[in-house]
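Next up, upload_25.tsv (TSV, C-alpha atoms):
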```tsv
chain	number	residue	atom	x	y	z
A	14	MET	CA	0.00	0.00	0.00
A	15	GLU	CA	2.83	2.38	0.85
A	16	ALA	CA	4.44	1.79	-2.55
A	17	TYR	CA	1.26	2.87	-4.33
A	18	GLU	CA	0.86	5.83	-1.97
A	19	ARG	CA	4.36	6.96	-3.02
A	20	ASN	CA	3.57	6.41	-6.69
A	21	PRO	CA	-0.05	5.78	-7.71
A	22	GLU	CA	1.10	5.19	-11.32
A	23	LEU	CA	3.43	2.32	-10.35
A	24	PRO	CA	3.17	-0.31	-13.13
A	25	THR	CA	4.35	-3.16	-10.86
A	26	LEU	CA	5.58	-3.51	-7.29
A	27	LEU	CA	8.90	-4.59	-8.75
A	28	ALA	CA	9.37	-1.00	-9.95
A	29	ASP	CA	9.18	0.29	-6.37
A	30	GLU	CA	12.63	1.00	-4.89
A	31	TYR	CA	11.99	-1.03	-1.71
A	32	PHE	CA	10.61	-4.11	-3.49
A	33	ALA	CA	13.24	-3.93	-6.23
A	34	LYS	CA	15.99	-4.03	-3.58
A	35	VAL	CA	14.42	-6.88	-1.61
A	36	VAL	CA	13.97	-9.01	-4.72
A	37	ALA	CA	17.45	-8.17	-6.05
A	38	ASP	CA	18.96	-9.13	-2.67
A	39	GLY	CA	17.31	-12.56	-2.89
A	40	GLU	CA	17.80	-13.13	-6.61
A	41	ALA	CA	20.86	-15.39	-6.37
A	42	ALA	CA	19.16	-17.66	-3.83
A	43	TRP	CA	15.98	-17.67	-5.93
A	44	ARG	CA	17.96	-18.84	-8.95
A	45	ARG	CA	19.65	-21.56	-6.87
A	46	VAL	CA	16.27	-22.83	-5.66
A	47	VAL	CA	14.85	-22.96	-9.20
A	48	SER	CA	17.95	-24.61	-10.68
A	49	THR	CA	18.29	-27.13	-7.85
A	50	ALA	CA	14.62	-28.06	-8.17
A	51	ALA	CA	14.98	-28.50	-11.96
A	52	LEU	CA	18.17	-30.57	-11.61
A	53	SER	CA	16.48	-32.72	-8.96
A	54	GLY	CA	13.35	-33.28	-11.01
A	55	VAL	CA	11.19	-31.46	-8.48
A	56	PRO	CA	8.49	-29.29	-10.04
A	57	ALA	CA	8.53	-25.70	-8.81
A	58	PRO	CA	6.13	-23.98	-11.20
A	59	GLY	CA	5.44	-20.97	-8.99
A	60	PHE	CA	9.10	-20.18	-8.37
A	61	SER	CA	10.23	-20.87	-11.93
A	62	SER	CA	7.45	-18.98	-13.70
A	63	ALA	CA	7.87	-16.02	-11.33
A	64	LEU	CA	11.60	-16.00	-12.10
A	65	SER	CA	10.87	-16.09	-15.84
A	66	TYR	CA	8.48	-13.15	-15.41
A	67	TYR	CA	11.12	-11.26	-13.41
A	68	ASP	CA	13.72	-11.91	-16.13
A	69	SER	CA	11.32	-10.76	-18.84
A	70	LEU	CA	10.83	-7.43	-17.05
A	71	SER	CA	14.55	-6.75	-17.16
A	72	SER	CA	14.82	-7.34	-20.91
A	73	ASP	CA	14.05	-4.45	-23.25
A	74	ARG	CA	13.02	-6.56	-26.23
A	75	LEU	CA	12.54	-10.19	-25.20
A	76	PRO	CA	8.74	-10.36	-24.84
A	77	ALA	CA	8.03	-8.57	-28.12
A	78	ALA	CA	10.72	-10.46	-30.03
A	79	LEU	CA	9.49	-13.79	-28.70
A	80	ILE	CA	5.89	-13.00	-29.68
A	81	GLN	CA	6.99	-11.90	-33.17
A	82	ALA	CA	8.98	-15.12	-33.64
A	83	GLN	CA	6.07	-17.28	-32.50
A	84	ARG	CA	3.63	-15.48	-34.81
A	85	ASP	CA	6.05	-15.87	-37.73
A	86	PHE	CA	6.59	-19.57	-36.98
A	87	PHE	CA	2.90	-20.42	-36.81
A	88	GLY	CA	1.60	-18.19	-39.58
A	89	ALA	CA	4.37	-16.45	-41.52
A	90	HIS	CA	3.37	-13.08	-40.07
A	91	THR	CA	6.86	-11.60	-40.47
A	92	TYR	CA	8.92	-9.65	-37.97
A	93	GLY	CA	11.12	-6.58	-37.73
A	94	ARG	CA	14.78	-6.53	-36.74
A	95	ILE	CA	16.67	-4.00	-34.69
A	96	ASP	CA	19.93	-4.29	-36.62
A	97	LYS	CA	18.62	-3.45	-40.09
A	98	PRO	CA	15.49	-1.99	-41.69
A	99	GLY	CA	12.89	-4.12	-43.41
A	100	THR	CA	10.38	-6.85	-42.71
A	101	PHE	CA	11.52	-10.46	-42.56
A	102	HIS	CA	10.24	-14.03	-42.49
A	103	THR	CA	12.13	-17.20	-41.60
A	104	LEU	CA	11.55	-20.38	-43.60
A	105	TRP	CA	10.95	-22.41	-40.45
A	106	SER	CA	9.98	-25.69	-42.11
A	107	GLY	CA	12.69	-25.41	-44.76
A	108	ASP	CA	16.34	-24.59	-44.27
A	109	ARG	CA	15.45	-21.90	-41.70
A	110	SER	CA	16.93	-19.17	-43.84
A	111	GLU	CA	15.64	-15.65	-43.47
A	112	VAL	CA	14.00	-13.83	-46.37
A	113	GLU	CA	13.01	-10.21	-46.67
A	114	SER	CA	9.28	-9.73	-47.06
A	115	ALA	CA	7.57	-7.18	-49.29
A	116	GLY	CA	4.78	-6.60	-46.75
A	117	SER	CA	5.00	-5.23	-43.24
A	118	SER	CA	2.51	-7.09	-41.06
A	119	HIS	CA	4.63	-7.29	-37.92
```
Let me see whether you can do it: turn the structure in this file into structure tokens.
Amino acid sequence: MEAYERNPELPTLLADEYFAKVVADGEAAWRRVVSTAALSGVPAPGFSSALSYYDSLSSDRLPAALIQAQRDFFGAHTYGRIDKPGTFHTLWSGDRSEVESAGSSH
């Protein structure tokens, strides 16, 4: 409640300075728990999905790039790249080469 009193526009508690520090302080242990569980064959869906969400928040492009790749794979919807202009499509079922597309439906 205090975090939202400080900043009513807070997009997530993880953006609050206090919560960001607490989570960052426990991050290494969190990763050890998730990796040990995975290596031991013990399901830890809450911990592992929360860690994946946390990692996705710290990446500038991952969620959008992943969605674009999935859309292109399942329906040839094309995608944009950050290193060069244009619209592209990967031949997923062929040799997986990338081709430039005439359209721009990404």
List the spatial neighbours of range 31-45 of chain A as a PyMOL selection string - criterion: any atom at most 8 Å away, only C-alpha atoms, same-chain residues fewer than 5 positions off excluded. chain A and resi 26+60+64
Of the listed residues A:Leu104, A:Ser61, A:Lys97, A:Tyr67, that which approaches Asp85 in chain A most closely, counting only C-alpha atoms: A:Leu104
Counting all atoms listed in the file, which residues have an atom no more than 10 Å from (11.9, -19.1, -39.5) in the file's coordinates? Please list them as a list in words. Ala82, Gln83, Asp85, Phe86, Phe87, Ala89, Thr91, Phe101, His102, Thr103, Leu104, Trp105, Ser106, Gly107, Asp108, Arg109, Ser110, Glu111 and Val112 of chain A
Could you tell me how far CA of Gly99 in chain A sits from CA of Glu113 in chain A, in Å to one decimal place?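 If I compute the distance from CA of Glu113 in chain A to CA of Gly99 in chain A, I get 6.9 Å.
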Choose the residue, out of A:Ile95, A:Pro58, A:Leu70, A:Ser48, that has the smallest atom-to-atom separation from Thr25 in chain A; count all atoms listed in the file.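 Ranked by minimum distance to Thr25 in chain A, first place goes to A:Leu70.
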Separation of CA of Ser62 in chain A from CA of Gln81 in chain A in Å: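 Between CA of Gln81 in chain A and CA of Ser62 in chain A the gap is 20.7 Å.
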Atom-to-atom span, CA of Glu15 in chain A and CA of Ala63 in chain A, Å: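 One can read the CA of Glu15 in chain A to CA of Ala63 in chain A distance as 22.6 Å.
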